[in-house]
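Listing of coords21.cif; format and content: mmCIF, C-alpha atoms.
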```cif
data_upload
loop_
_atom_site.label_atom_id
_atom_site.label_comp_id
_atom_site.auth_asym_id
_atom_site.auth_seq_id
_atom_site.Cartn_x
_atom_site.Cartn_y
_atom_site.Cartn_z
CA MET K 991 0.00 0.00 0.00
CA SER K 992 1.13 3.58 -0.66
CA PRO K 993 1.63 5.81 2.42
CA LEU K 994 0.21 9.33 2.30
CA THR K 995 3.66 10.67 1.38
CA ARG K 996 7.14 9.18 1.50
CA ALA K 997 10.55 10.49 2.49
CA PHE K 998 12.16 12.27 -0.41
CA ARG K 999 15.72 13.44 -0.77
CA SER K 1000 16.84 15.87 -3.41
CA ARG K 1001 20.01 17.81 -3.82
CA VAL K 1002 19.42 21.13 -5.53
CA GLY K 1003 22.63 23.00 -6.27
CA GLY K 1004 24.36 20.82 -3.69
CA ALA K 1005 21.90 21.81 -0.93
CA LEU K 1006 19.25 19.58 0.60
CA ALA K 1007 15.70 20.56 -0.21
CA ALA K 1008 12.79 19.70 2.04
CA VAL K 1009 12.25 16.04 2.68
CA VAL K 1010 8.78 14.85 3.52
CA THR K 1011 8.02 11.89 5.69
CA VAL K 1012 4.38 11.68 6.60
CA ALA K 1013 3.70 10.57 10.14
CA THR K 1014 0.91 8.46 8.74
CA LEU K 1015 -1.23 5.78 10.28
CA VAL K 1016 -0.46 2.80 8.10
CA LEU K 1017 -2.03 -0.57 7.50
CA ALA K 1018 -1.11 -2.95 10.29
CA GLY K 1019 -3.63 -5.73 10.02
CA ALA K 1020 -6.59 -7.24 8.17
CA PRO K 1021 -9.64 -5.07 7.49
CA THR K 1022 -12.67 -5.27 9.74
CA ALA K 1023 -15.48 -7.28 8.24
CA GLN K 1024 -18.30 -5.30 9.83
CA ALA K 1025 -18.50 -1.59 10.54
CA GLU K 1026 -20.35 -2.38 13.76
CA ASP K 1027 -17.08 -3.64 15.23
CA VAL K 1028 -15.34 -0.27 14.97
CA ARG K 1029 -16.41 1.25 18.28
CA SER K 1030 -15.49 -1.92 20.17
CA ARG K 1031 -11.98 -1.62 18.74
CA GLN K 1032 -11.52 1.97 19.87
CA TRP K 1033 -9.83 0.86 23.08
CA TYR K 1034 -8.41 4.30 23.80
CA LEU K 1035 -11.89 5.82 24.24
CA ASP K 1036 -12.58 3.42 27.10
CA ALA K 1037 -9.11 3.92 28.57
CA MET K 1038 -9.63 7.69 28.52
CA LYS K 1039 -13.14 7.47 30.06
CA ALA K 1040 -14.69 9.07 27.01
CA GLU K 1041 -18.28 8.15 27.82
CA GLU K 1042 -17.99 9.88 31.19
CA MET K 1043 -16.24 12.92 29.73
CA TRP K 1044 -18.97 13.37 27.11
CA LYS K 1045 -21.40 14.11 29.92
CA VAL K 1046 -19.27 17.16 30.67
CA SER K 1047 -17.90 18.15 27.27
CA THR K 1048 -18.17 16.99 23.65
CA GLY K 1049 -16.00 19.62 22.01
CA LYS K 1050 -18.94 21.76 20.94
CA GLY K 1051 -18.02 25.24 19.77
CA ILE K 1052 -14.41 24.37 18.93
CA THR K 1053 -13.09 24.26 15.36
CA VAL K 1054 -10.13 21.97 14.73
CA ALA K 1055 -8.23 22.50 11.50
CA VAL K 1056 -6.90 19.32 9.90
CA LEU K 1057 -3.91 20.15 7.68
CA ASP K 1058 -3.61 17.00 5.61
CA ALA K 1059 -4.45 15.44 2.24
CA GLY K 1060 -8.04 16.57 2.50
CA VAL K 1061 -11.06 15.14 4.31
CA ASP K 1062 -13.93 13.19 2.77
CA PRO K 1063 -17.07 14.90 4.13
CA THR K 1064 -19.36 12.19 2.77
CA VAL K 1065 -18.43 9.40 5.20
CA PRO K 1066 -21.33 8.92 7.64
CA GLU K 1067 -19.49 9.97 10.80
CA LEU K 1068 -18.37 13.30 9.28
CA ARG K 1069 -21.48 14.39 7.39
CA GLY K 1070 -22.37 17.98 8.17
CA LYS K 1071 -19.23 18.45 10.26
CA VAL K 1072 -16.58 19.46 7.72
CA GLN K 1073 -15.84 22.86 6.27
CA VAL K 1074 -13.63 22.59 3.18
CA GLY K 1075 -10.95 25.24 3.39
CA ALA K 1076 -8.10 26.20 1.10
CA ASP K 1077 -6.17 23.79 -1.11
CA TYR K 1078 -2.45 24.60 -1.25
CA THR K 1079 -1.24 21.51 -3.10
CA ALA K 1080 -0.72 23.52 -6.31
CA ASP K 1081 2.11 25.30 -4.48
CA VAL K 1082 3.99 22.07 -3.86
CA ASN K 1083 6.93 21.51 -6.17
CA GLY K 1084 7.33 18.06 -7.70
CA GLY K 1085 3.71 17.39 -8.53
CA SER K 1086 1.63 14.45 -7.36
CA GLU K 1087 -0.02 11.26 -8.47
CA GLY K 1088 -3.67 10.54 -7.93
CA GLY K 1089 -4.97 7.49 -6.12
CA ALA K 1090 -7.97 5.96 -4.39
CA GLU K 1091 -6.37 6.76 -1.05
CA THR K 1092 -6.23 10.52 -1.68
CA VAL K 1093 -8.14 11.66 1.39
CA GLN K 1094 -8.28 8.61 3.65
CA HIS K 1095 -5.43 9.74 5.91
CA GLY K 1096 -7.00 13.15 6.52
CA THR K 1097 -10.44 11.59 6.81
CA ASN K 1098 -9.25 9.28 9.58
CA MET K 1099 -7.62 12.17 11.44
CA ALA K 1100 -10.85 14.17 11.27
CA ALA K 1101 -12.84 11.14 12.43
CA TYR K 1102 -10.55 10.48 15.39
CA ILE K 1103 -11.17 14.08 16.43
CA ALA K 1104 -14.86 14.66 15.67
CA GLY K 1105 -16.47 11.54 14.21
CA THR K 1106 -20.04 10.92 15.36
CA GLY K 1107 -19.91 7.15 15.01
CA ALA K 1108 -22.90 7.26 12.66
CA ALA K 1109 -23.63 4.11 10.63
CA GLY K 1110 -20.96 2.21 12.53
CA GLY K 1111 -18.24 4.69 11.67
CA ILE K 1112 -15.45 6.05 13.86
CA LYS K 1113 -16.43 7.80 17.07
CA GLY K 1114 -14.30 10.84 17.69
CA LEU K 1115 -13.00 11.85 21.10
CA ALA K 1116 -14.60 15.29 20.63
CA PRO K 1117 -17.71 14.30 18.62
CA ASP K 1118 -19.28 17.77 18.56
CA ALA K 1119 -16.17 19.64 17.46
CA HIS K 1120 -16.15 21.17 13.98
CA ILE K 1121 -13.54 20.30 11.33
CA LEU K 1122 -11.85 22.71 8.91
CA SER K 1123 -10.09 20.75 6.17
CA VAL K 1124 -7.02 22.45 4.69
CA LYS K 1125 -5.36 20.46 1.92
CA VAL K 1126 -1.57 20.56 1.97
CA ALA K 1127 -0.61 17.16 0.52
CA THR K 1128 -1.66 14.40 -1.84
CA PRO K 1129 -0.49 10.77 -1.99
CA GLY K 1130 2.22 9.74 -4.38
CA MET K 1131 3.96 13.10 -4.21
CA LYS K 1132 7.25 13.03 -6.08
CA GLY K 1133 8.51 15.88 -3.98
CA MET K 1134 7.30 18.45 -1.50
CA PHE K 1135 9.99 21.05 -1.64
CA GLY K 1136 7.50 23.79 -0.77
CA LEU K 1137 6.71 22.22 2.60
CA ALA K 1138 7.47 25.30 4.68
CA GLY K 1139 5.60 27.65 2.40
CA VAL K 1140 2.56 25.40 2.08
CA LEU K 1141 2.20 24.64 5.78
CA SER K 1142 2.91 28.24 6.75
CA LYS K 1143 0.09 29.46 4.51
CA ALA K 1144 -2.18 26.71 5.79
CA ILE K 1145 -1.52 27.59 9.44
CA ARG K 1146 -2.35 31.24 8.84
CA HIS K 1147 -5.47 30.31 6.87
CA ALA K 1148 -6.66 27.97 9.63
CA VAL K 1149 -6.29 30.67 12.28
CA ASP K 1150 -7.98 33.31 10.13
CA GLU K 1151 -10.92 30.92 9.64
CA GLY K 1152 -11.44 30.69 13.39
CA SER K 1153 -9.66 27.43 14.22
CA ARG K 1154 -8.61 27.24 17.86
CA VAL K 1155 -6.78 23.94 17.43
CA ILE K 1156 -4.59 23.02 14.44
CA ASN K 1157 -3.80 19.37 13.78
CA ILE K 1158 -0.77 18.58 11.58
CA SER K 1159 -0.28 14.84 11.14
CA ILE K 1160 2.34 15.24 8.43
CA GLY K 1161 5.91 16.49 8.55
CA GLY K 1162 9.38 16.42 7.11
CA THR K 1163 12.85 17.90 7.29
CA SER K 1164 13.39 21.46 6.23
CA GLY K 1165 15.74 22.94 3.67
CA ALA K 1166 17.98 25.90 4.32
CA GLY K 1167 16.15 29.10 5.11
CA GLN K 1168 12.75 27.50 5.71
CA GLU K 1169 12.97 27.39 9.49
CA GLU K 1170 12.23 31.10 9.78
CA GLU K 1171 9.17 30.77 7.56
CA PHE K 1172 7.81 27.99 9.76
CA GLN K 1173 8.52 29.95 12.92
CA ALA K 1174 6.81 33.10 11.63
CA ALA K 1175 3.60 31.16 10.90
CA VAL K 1176 3.65 29.43 14.29
CA ASP K 1177 4.25 32.74 16.06
CA TYR K 1178 1.27 34.20 14.19
CA ALA K 1179 -0.97 31.35 15.36
CA LEU K 1180 0.20 31.69 18.95
CA ARG K 1181 -0.43 35.43 18.96
CA LYS K 1182 -3.96 34.71 17.73
CA GLY K 1183 -4.44 32.29 20.62
CA ALA K 1184 -4.43 28.98 18.71
CA LEU K 1185 -2.78 25.69 19.66
CA ILE K 1186 -0.81 23.61 17.15
CA PHE K 1187 -0.25 19.86 17.55
CA ALA K 1188 2.10 18.04 15.16
CA ALA K 1189 3.24 14.43 14.79
CA THR K 1190 6.82 13.54 15.68
CA GLY K 1191 7.14 10.85 13.00
CA ASN K 1192 7.23 7.06 12.79
CA ASP K 1193 10.90 6.20 12.41
CA GLY K 1194 11.46 5.14 16.03
CA VAL K 1195 14.64 7.21 16.21
CA GLY K 1196 15.87 10.45 17.76
CA PHE K 1197 15.20 12.42 14.63
CA VAL K 1198 13.31 15.72 14.45
CA GLU K 1199 10.83 16.81 11.82
CA TYR K 1200 9.20 20.07 10.92
CA PRO K 1201 6.84 21.51 11.99
CA ALA K 1202 6.88 19.37 15.17
CA VAL K 1203 10.30 20.73 16.20
CA VAL K 1204 9.32 24.41 15.81
CA PRO K 1205 9.15 26.17 19.21
CA GLY K 1206 5.52 26.77 20.10
CA VAL K 1207 4.29 23.62 18.34
CA VAL K 1208 3.25 20.74 20.61
CA ALA K 1209 5.09 17.70 19.23
CA VAL K 1210 3.09 14.53 19.91
CA GLY K 1211 4.53 11.04 20.35
CA ALA K 1212 2.59 7.75 20.35
CA LEU K 1213 1.67 5.30 23.10
CA ASP K 1214 0.76 1.65 22.61
CA THR K 1215 -2.23 -0.21 24.06
CA LYS K 1216 -0.40 -0.66 27.36
CA GLY K 1217 0.25 3.04 27.73
CA LYS K 1218 3.95 2.65 26.96
CA VAL K 1219 5.85 4.62 24.37
CA ALA K 1220 5.37 2.96 20.98
CA LYS K 1221 8.54 1.59 19.42
CA PHE K 1222 7.91 3.48 16.17
CA SER K 1223 7.49 6.89 17.82
CA ASN K 1224 10.26 9.41 17.09
CA TYR K 1225 11.76 11.05 20.16
CA GLY K 1226 13.83 14.01 21.22
CA ASP K 1227 13.90 17.02 23.51
CA HIS K 1228 11.19 18.68 21.44
CA VAL K 1229 8.47 16.13 22.32
CA GLY K 1230 5.70 17.84 24.28
CA LEU K 1231 2.98 15.25 24.89
CA ALA K 1232 1.95 11.73 23.88
CA ALA K 1233 -1.32 9.98 23.10
CA ALA K 1234 -2.68 6.64 21.94
CA GLY K 1235 -1.35 5.78 18.49
CA ASP K 1236 -1.39 2.00 18.19
CA GLN K 1237 -4.10 -0.38 16.94
CA LEU K 1238 -6.51 2.37 15.98
CA PRO K 1239 -9.29 1.41 13.55
CA GLY K 1240 -9.36 3.61 10.46
CA ARG K 1241 -10.86 3.56 6.99
CA CYS K 1242 -8.80 1.43 4.63
CA GLU K 1243 -6.84 3.24 1.91
CA LYS K 1244 -8.27 1.28 -1.01
CA ASP K 1245 -11.80 0.80 0.30
CA LYS K 1246 -13.24 3.51 2.52
CA THR K 1247 -16.23 1.32 3.41
CA ARG K 1248 -13.99 -1.02 5.40
CA PHE K 1249 -11.79 -0.46 8.42
CA CYS K 1250 -8.17 -1.48 8.92
CA SER K 1251 -5.92 -1.45 11.97
CA LYS K 1252 -3.68 1.63 11.93
CA PHE K 1253 -0.74 2.87 13.94
CA GLY K 1254 1.36 6.01 13.98
CA THR K 1255 1.99 9.38 15.57
CA SER K 1256 -0.59 10.79 13.15
CA GLY K 1257 -3.46 9.29 15.13
CA ALA K 1258 -1.81 10.22 18.41
CA THR K 1259 -1.70 13.83 17.28
CA ALA K 1260 -5.39 13.77 16.39
CA ILE K 1261 -6.27 12.41 19.83
CA ALA K 1262 -4.19 15.11 21.50
CA SER K 1263 -5.97 17.74 19.39
CA ALA K 1264 -9.34 16.29 20.36
CA SER K 1265 -8.34 16.35 24.03
CA ALA K 1266 -7.60 20.07 23.74
CA ALA K 1267 -10.97 20.60 22.07
CA LEU K 1268 -12.78 18.84 24.92
CA ILE K 1269 -11.07 20.94 27.59
CA TRP K 1270 -11.47 24.19 25.68
CA SER K 1271 -15.16 23.52 25.07
CA ALA K 1272 -15.70 23.04 28.80
CA HIS K 1273 -13.69 26.18 29.60
CA PRO K 1274 -14.34 28.58 26.71
CA ASP K 1275 -12.97 31.52 28.69
CA TRP K 1276 -9.51 29.95 28.92
CA THR K 1277 -6.74 30.87 26.51
CA GLY K 1278 -4.77 28.36 24.51
CA ASN K 1279 -1.93 28.75 27.01
CA GLN K 1280 -4.21 27.73 29.85
CA VAL K 1281 -5.62 24.75 27.99
CA LEU K 1282 -2.11 23.55 27.19
CA ARG K 1283 -0.94 24.13 30.76
CA VAL K 1284 -3.59 21.88 32.30
CA MET K 1285 -2.90 19.25 29.65
CA MET K 1286 0.77 19.25 30.63
CA GLU K 1287 0.04 19.25 34.37
CA THR K 1288 -2.42 16.36 34.24
CA ALA K 1289 -0.54 14.19 31.72
CA GLY K 1290 0.34 10.66 32.84
CA ARG K 1291 4.05 10.05 33.30
CA ASN K 1292 6.68 8.18 35.22
CA GLY K 1293 10.32 9.15 35.37
CA PRO K 1294 12.04 12.36 34.32
CA VAL K 1295 9.89 15.27 33.17
CA PRO K 1296 10.03 16.23 30.45
CA SER K 1297 10.90 12.92 28.84
CA LYS K 1298 12.44 12.83 25.39
CA TYR K 1299 10.01 10.03 24.53
CA ILE K 1300 6.67 11.32 25.84
CA GLY K 1301 7.42 14.92 26.77
CA PHE K 1302 5.28 15.89 29.75
CA GLY K 1303 3.29 12.66 29.51
CA GLY K 1304 0.26 11.01 27.96
CA VAL K 1305 -2.80 13.23 27.58
CA ARG K 1306 -5.51 12.66 30.20
CA PRO K 1307 -8.35 15.15 29.68
CA ALA K 1308 -10.49 13.21 32.15
CA GLN K 1309 -8.25 14.51 34.92
CA VAL K 1310 -9.38 18.03 34.01
CA LEU K 1311 -13.01 17.38 33.11
CA LEU K 1312 -13.93 14.77 35.71
CA GLU K 1313 -11.48 15.43 38.54
CA GLY K 1314 -11.09 19.19 38.19
CA LYS K 1315 -7.31 18.90 38.26
CA GLY K 1316 -4.84 21.26 36.65
CA ASP K 1317 -4.17 24.93 37.34
CA PRO K 1318 -4.80 27.04 34.20
CA GLY K 1319 -2.37 29.67 35.48
CA PRO K 1320 -1.57 32.89 33.62
CA ALA K 1321 -3.43 33.47 30.39
CA ASP K 1322 -0.58 35.10 28.48
CA VAL K 1323 2.33 32.73 29.21
CA ASN K 1324 2.95 29.78 26.94
CA PRO K 1325 3.76 26.91 29.35
CA LEU K 1326 5.72 24.84 26.85
CA LEU K 1327 8.01 27.68 25.84
CA ALA K 1328 8.40 28.76 29.46
CA ALA K 1329 9.30 25.23 30.59
CA ARG K 1330 12.06 25.10 27.99
CA GLY K 1331 13.35 28.59 28.56
CA GLN K 1332 12.42 29.68 25.05
CA ALA K 1333 11.23 33.14 24.08
CA PRO K 1334 7.43 33.50 23.82
CA ALA K 1335 6.02 34.12 20.37
CA PRO K 1336 5.01 37.79 20.93
CA GLY K 1337 8.60 38.61 21.92
CA GLY K 1338 10.15 37.08 18.83
CA SER K 1339 11.03 33.71 17.39
CA ALA K 1340 12.69 31.13 19.58
CA ALA K 1341 15.43 29.03 18.06
CA PRO K 1342 14.87 25.24 18.06
CA LYS K 1343 16.91 23.27 20.56
CA ASN K 1344 17.36 20.57 17.94
CA SER K 1345 18.21 20.83 14.28
CA PRO K 1346 17.27 18.14 11.78
CA SER K 1347 20.06 16.15 10.22
CA ALA K 1348 20.63 16.41 6.50
CA ALA K 1349 18.40 13.43 5.82
CA SER K 1350 16.17 10.99 7.66
CA THR K 1351 17.99 8.06 9.22
CA GLY K 1352 14.93 5.85 9.26
CA ALA K 1353 12.20 6.58 6.74
CA ALA K 1354 8.94 4.76 7.37
CA GLY K 1355 8.40 1.84 5.04
CA ASP K 1356 5.18 1.10 3.19
CA ASN K 1357 4.02 -1.21 5.96
CA GLY K 1358 4.77 1.29 8.67
CA THR K 1359 7.83 -0.46 9.99
CA SER K 1360 10.97 1.57 10.46
CA LYS K 1361 13.99 1.09 8.27
CA GLY K 1362 16.16 2.63 10.95
CA SER K 1363 17.33 1.30 14.29
CA HIS K 1364 15.33 1.57 17.50
CA ALA K 1365 16.79 2.76 20.76
CA ALA K 1366 15.34 1.18 23.89
CA PRO K 1367 12.76 3.74 25.05
CA GLU K 1368 12.11 4.60 28.66
CA ALA K 1369 8.78 3.65 30.16
CA ALA K 1370 5.89 5.92 29.30
CA ALA K 1371 3.03 6.33 31.71
CA LYS K 1372 -0.65 5.53 31.64
CA SER K 1373 -2.48 6.84 34.68
CA GLY K 1374 0.93 7.51 36.19
CA GLU K 1375 2.17 3.95 35.86
CA GLY K 1376 5.26 2.92 33.91
CA GLY K 1377 7.19 -0.18 32.98
CA PHE K 1378 9.13 -1.79 30.21
CA PRO K 1379 7.50 -1.45 26.75
CA LEU K 1380 5.50 -4.51 25.73
CA TRP K 1381 7.69 -5.12 22.68
CA ALA K 1382 10.78 -5.31 24.88
CA ILE K 1383 9.10 -7.80 27.19
CA VAL K 1384 8.01 -9.96 24.26
CA ALA K 1385 11.51 -9.89 22.80
CA SER K 1386 12.99 -10.99 26.12
CA ALA K 1387 10.43 -13.77 26.45
CA VAL K 1388 11.23 -15.04 22.97
CA ALA K 1389 14.91 -15.10 23.82
CA VAL K 1390 14.25 -17.06 27.01
CA VAL K 1391 12.05 -19.57 25.14
CA ALA K 1392 14.77 -20.02 22.53
CA VAL K 1393 17.33 -20.83 25.22
CA ILE K 1394 14.97 -23.32 26.90
CA CYS K 1395 14.27 -25.04 23.57
CA THR K 1396 17.98 -25.35 22.90
CA VAL K 1397 18.61 -26.93 26.32
CA VAL K 1398 15.72 -29.37 25.84
CA ALA K 1399 16.95 -30.35 22.38
CA VAL K 1400 20.46 -31.05 23.69
CA SER K 1401 19.03 -33.06 26.56
CA VAL K 1402 16.91 -35.18 24.20
CA ARG K 1403 19.88 -35.92 21.95
CA ARG K 1404 21.97 -37.00 24.95
CA ARG K 1405 19.20 -39.28 26.21
CA ARG K 1406 18.87 -40.90 22.79
CA ALA K 1407 22.63 -41.42 22.67
#
```
Rendering of file as structure tokens:
Amino acid sequence: MSPLTRAFRSRVGGALAAVVTVATLVLAGAPTAQAEDVRSRQWYLDAMKAEEMWKVSTGKGITVAVLDAGVDPTVPELRGKVQVGADYTADVNGGSEGGAETVQHGTNMAAYIAGTGAAGGIKGLAPDAHILSVKVATPGMKGMFGLAGVLSKAIRHAVDEGSRVINISIGGTSGAGQEEEFQAAVDYALRKGALIFAATGNDGVGFVEYPAVVPGVVAVGALDTKGKVAKFSNYGDHVGLAAAGDQLPGRCEKDKTRFCSKFGTSGATAIASASAALIWSAHPDWTGNQVLRVMMETAGRNGPVPSKYIGFGGVRPAQVLLEGKGDPGPADVNPLLAARGQAPAPGGSAAPKNSPSAASTGAAGDNGTSKGSHAAPEAAAKSGEGGFPLWAIVASAVAVVAVICTVVAVSVRRRRA
């Protein structure tokens, strides 16, 4: 299957142009036979106490901009919920190729945020939020050298259209001179009071991508079904929060009437965006800084804070909505920038603490597996509890079983002799 976009490298005049690696949710299992099974597979809604939270807040009154490959407004769970905004794909150098999967990635992101669950479709975490679709990518792109320009325009457009939350589940490295363009757009959004969440990427390595690394953007990593950091989730000092990103049901790329198992920091970003929408809807008088502050304060974690794997922890909006936890604090101080000692947006651009390498060291393959190496991640927290990642435990168990089998085989041979 084709991912939404792939990593591209191009040397123009000896300099690296922008390289795109979409933090996409990719096919990780067989499609679901019946749409009725979708809600039962949305394990993260139960883990996050969604049914209880919806008695307090459903995201009503909040517009979330989805900067992606477009959103299909005809799927049952998104009917009447999507405003089609600007399309900036004509500004992308390199052209694109069409395909049946054109809008499925963006459609899934929108559904994770605001799906109604109608006709057995995906139930969003903030089902009454409104979606603004801003098209910045198409599948099969041969290049996306205008990444900074396209996303910068899209961010400004989303804010001007009234979006309070901006979801960016795509990303890539930046060419020379594009960092300032990104930063200017992010600063504009922050001055207007918006929040921006962006995926860290699915290479499973300490590699940074734009716009997730831009100061002021909340970079989101992924957690698995056990609440541990997912092995594919990129990490680094820029990571701000984490959310569920493994075994999420989503519409299949080739057949939107069926649902496949997905994983990636894309979905995690959408769930973080939806969490912000829920909190903001319940506290409409809060600023974006205050919403982000309570998200950071109530996040589940274990170990050093911030962590380079999960930032300030896994999002837990129930702690705010059901328990009343989290101090919103000052309205005009960005808590993420303040925690990292970076200059606030109104006072000027803050320089990133990390710079991307010349090229990705582990581009995501077509099946979502990383082609790079994985460092052993520290334990991420779910409800404040941590432990070794499930994949590490399984690997250890397999090794132990292999040793036991070897011993048994040797013993059998000796007995026969």
Inset, instruction - Select, counting all atoms listed in the file, all protein, DNA and RNA residues no farther than 12 Å from (-13.8, 18.8, 3.2) in file coordinates, and express the selection as an NGL selection string. - result: :K and (1055-1065 or 1068-1077 or 1093-1094 or 1096-1097 or 1100 or 1120-1125)
Restricting it to C-alpha atoms, dump the selection as a PDB file, in the frame of the given file.
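Writing the result to selection.pdb gives the following:
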```
ATOM      1  CA  ALA K1055      -8.230  22.500  11.500  1.00  0.00           C
ATOM      2  CA  VAL K1056      -6.900  19.320   9.900  1.00  0.00           C
ATOM      3  CA  LEU K1057      -3.910  20.150   7.680  1.00  0.00           C
ATOM      4  CA  ASP K1058      -3.610  17.000   5.610  1.00  0.00           C
ATOM      5  CA  ALA K1059      -4.450  15.440   2.240  1.00  0.00           C
ATOM      6  CA  GLY K1060      -8.040  16.570   2.500  1.00  0.00           C
ATOM      7  CA  VAL K1061     -11.060  15.140   4.310  1.00  0.00           C
ATOM      8  CA  ASP K1062     -13.930  13.190   2.770  1.00  0.00           C
ATOM      9  CA  PRO K1063     -17.070  14.900   4.130  1.00  0.00           C
ATOM     10  CA  THR K1064     -19.360  12.190   2.770  1.00  0.00           C
ATOM     11  CA  VAL K1065     -18.430   9.400   5.200  1.00  0.00           C
ATOM     12  CA  LEU K1068     -18.370  13.300   9.280  1.00  0.00           C
ATOM     13  CA  ARG K1069     -21.480  14.390   7.390  1.00  0.00           C
ATOM     14  CA  GLY K1070     -22.370  17.980   8.170  1.00  0.00           C
ATOM     15  CA  LYS K1071     -19.230  18.450  10.260  1.00  0.00           C
ATOM     16  CA  VAL K1072     -16.580  19.460   7.720  1.00  0.00           C
ATOM     17  CA  GLN K1073     -15.840  22.860   6.270  1.00  0.00           C
ATOM     18  CA  VAL K1074     -13.630  22.590   3.180  1.00  0.00           C
ATOM     19  CA  GLY K1075     -10.950  25.240   3.390  1.00  0.00           C
ATOM     20  CA  ALA K1076      -8.100  26.200   1.100  1.00  0.00           C
ATOM     21  CA  ASP K1077      -6.170  23.790  -1.110  1.00  0.00           C
ATOM     22  CA  VAL K1093      -8.140  11.660   1.390  1.00  0.00           C
ATOM     23  CA  GLN K1094      -8.280   8.610   3.650  1.00  0.00           C
ATOM     24  CA  GLY K1096      -7.000  13.150   6.520  1.00  0.00           C
ATOM     25  CA  THR K1097     -10.440  11.590   6.810  1.00  0.00           C
ATOM     26  CA  ALA K1100     -10.850  14.170  11.270  1.00  0.00           C
ATOM     27  CA  HIS K1120     -16.150  21.170  13.980  1.00  0.00           C
ATOM     28  CA  ILE K1121     -13.540  20.300  11.330  1.00  0.00           C
ATOM     29  CA  LEU K1122     -11.850  22.710   8.910  1.00  0.00           C
ATOM     30  CA  SER K1123     -10.090  20.750   6.170  1.00  0.00           C
ATOM     31  CA  VAL K1124      -7.020  22.450   4.690  1.00  0.00           C
ATOM     32  CA  LYS K1125      -5.360  20.460   1.920  1.00  0.00           C
TER      33      LYS K1125
END
```
Inset, instruction - With a distance cut-off of 9 Å and all atoms listed in the file, select the neighbouring residues of K:Arg1146, excluding the residue or stretch itself and same-chain residues fewer than 5 positions from it, and output the selection as a ChimeraX atom specification. - result: /K:1141,1151,1175-1176,1178-1179
Legend entry - Residues matched by the PyMOL selection byres ((chain K and resi 1029-1044) around 9), written as a PyMOL selection string: chain K and resi 1025-1028+1045-1049+1107+1110-1117+1215+1234-1235+1237-1239+1268+1305-1308+1311-1312
Inset, instruction - Choose the residue, out of K:Val1310, K:Ala1109, K:Val1198, K:Val1208, that has the smallest atom-to-atom separation from K:Ile1158; count all atoms listed in the file. - result: K:Val1208
Legend entry - Output of the PyMOL selection byres ((chain K and resi 1196) around 6), listed as a PyMOL selection string: chain K and resi 1195+1197+1224-1226
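When atom CA of K:Gly1316 is paired with atom CA of K:Ile1052, their separation reads 20.4 Å.
Distances here use only C-alpha atoms; by that measure, the residue among K:Gly1139, K:Gly1211, K:Pro1066, K:Gly1167 closest to K:Ala1260 is K:Gly1211.
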Evaluate the PyMOL selection byres ((chain K and resi 1214) around 9) against this structure - the residues, as a short mmCIF file (atom, residue, chain, number, x, y, z; two decimals) with C-alpha atoms, keeping the file's coordinate frame, please.
```
data_model
loop_
_atom_site.label_atom_id
_atom_site.label_comp_id
_atom_site.auth_asym_id
_atom_site.auth_seq_id
_atom_site.Cartn_x
_atom_site.Cartn_y
_atom_site.Cartn_z
CA ALA K 1212 2.59 7.75 20.35
CA LEU K 1213 1.67 5.30 23.10
CA THR K 1215 -2.23 -0.21 24.06
CA LYS K 1216 -0.40 -0.66 27.36
CA GLY K 1217 0.25 3.04 27.73
CA LYS K 1218 3.95 2.65 26.96
CA VAL K 1219 5.85 4.62 24.37
CA ALA K 1220 5.37 2.96 20.98
CA LYS K 1221 8.54 1.59 19.42
CA ALA K 1233 -1.32 9.98 23.10
CA ALA K 1234 -2.68 6.64 21.94
CA GLY K 1235 -1.35 5.78 18.49
CA ASP K 1236 -1.39 2.00 18.19
CA GLN K 1237 -4.10 -0.38 16.94
CA PHE K 1253 -0.74 2.87 13.94
CA PRO K 1379 7.50 -1.45 26.75
CA LEU K 1380 5.50 -4.51 25.73
#
```
As AutoDock Vina command-line options, please: the centre and edge lengths in Å, to one decimal, of an axis-aligned box enclosing every listed atom of stretch 1192-1195 of chain K with 5 Å added on each side.
```
--center_x 10.9 --center_y 6.2 --center_z 14.3 --size_x 17.4 --size_y 12.1 --size_z 13.8
```
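Using only C-alpha atoms for every distance, the candidate list K:Ser1153, K:Thr1247, K:Asn1279, K:Ser1265 yields K:Ser1265 as the residue closest to K:Ala1104.
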Inset, instruction - Using atom CA of K:Val1204 and atom CA of K:Glu1169 as the two end points, give the distance in Å to one decimal. - result: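 Value for the atom CA of K:Val1204-atom CA of K:Glu1169 distance: 7.9 Å.
You will find atom CA of K:Pro1205 at 15.8 Å from atom CA of K:Met1286.
Minimum atom-to-atom distances from K:Gly1183, K:Gly1257, K:Gly1191, K:Gly1319 to K:Val1149 were compared using only C-alpha atoms, and the lowest value belongs to K:Gly1183.
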Inset, instruction - Name the closest residue to K:Val1210 among the candidates K:Thr1288, K:Gln1332, K:Ser1263, K:Gln1173; distances are taken between atoms, counting all atoms listed in the file. - result: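 For K:Val1210, the nearest of the candidates is K:Ser1263.
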Inset, instruction - Return the single residue from K:Pro1325, K:Pro1318, K:Arg1330, K:His1095 that is closest to K:Gly1254, with distances computed using only C-alpha atoms. - result: K:His1095
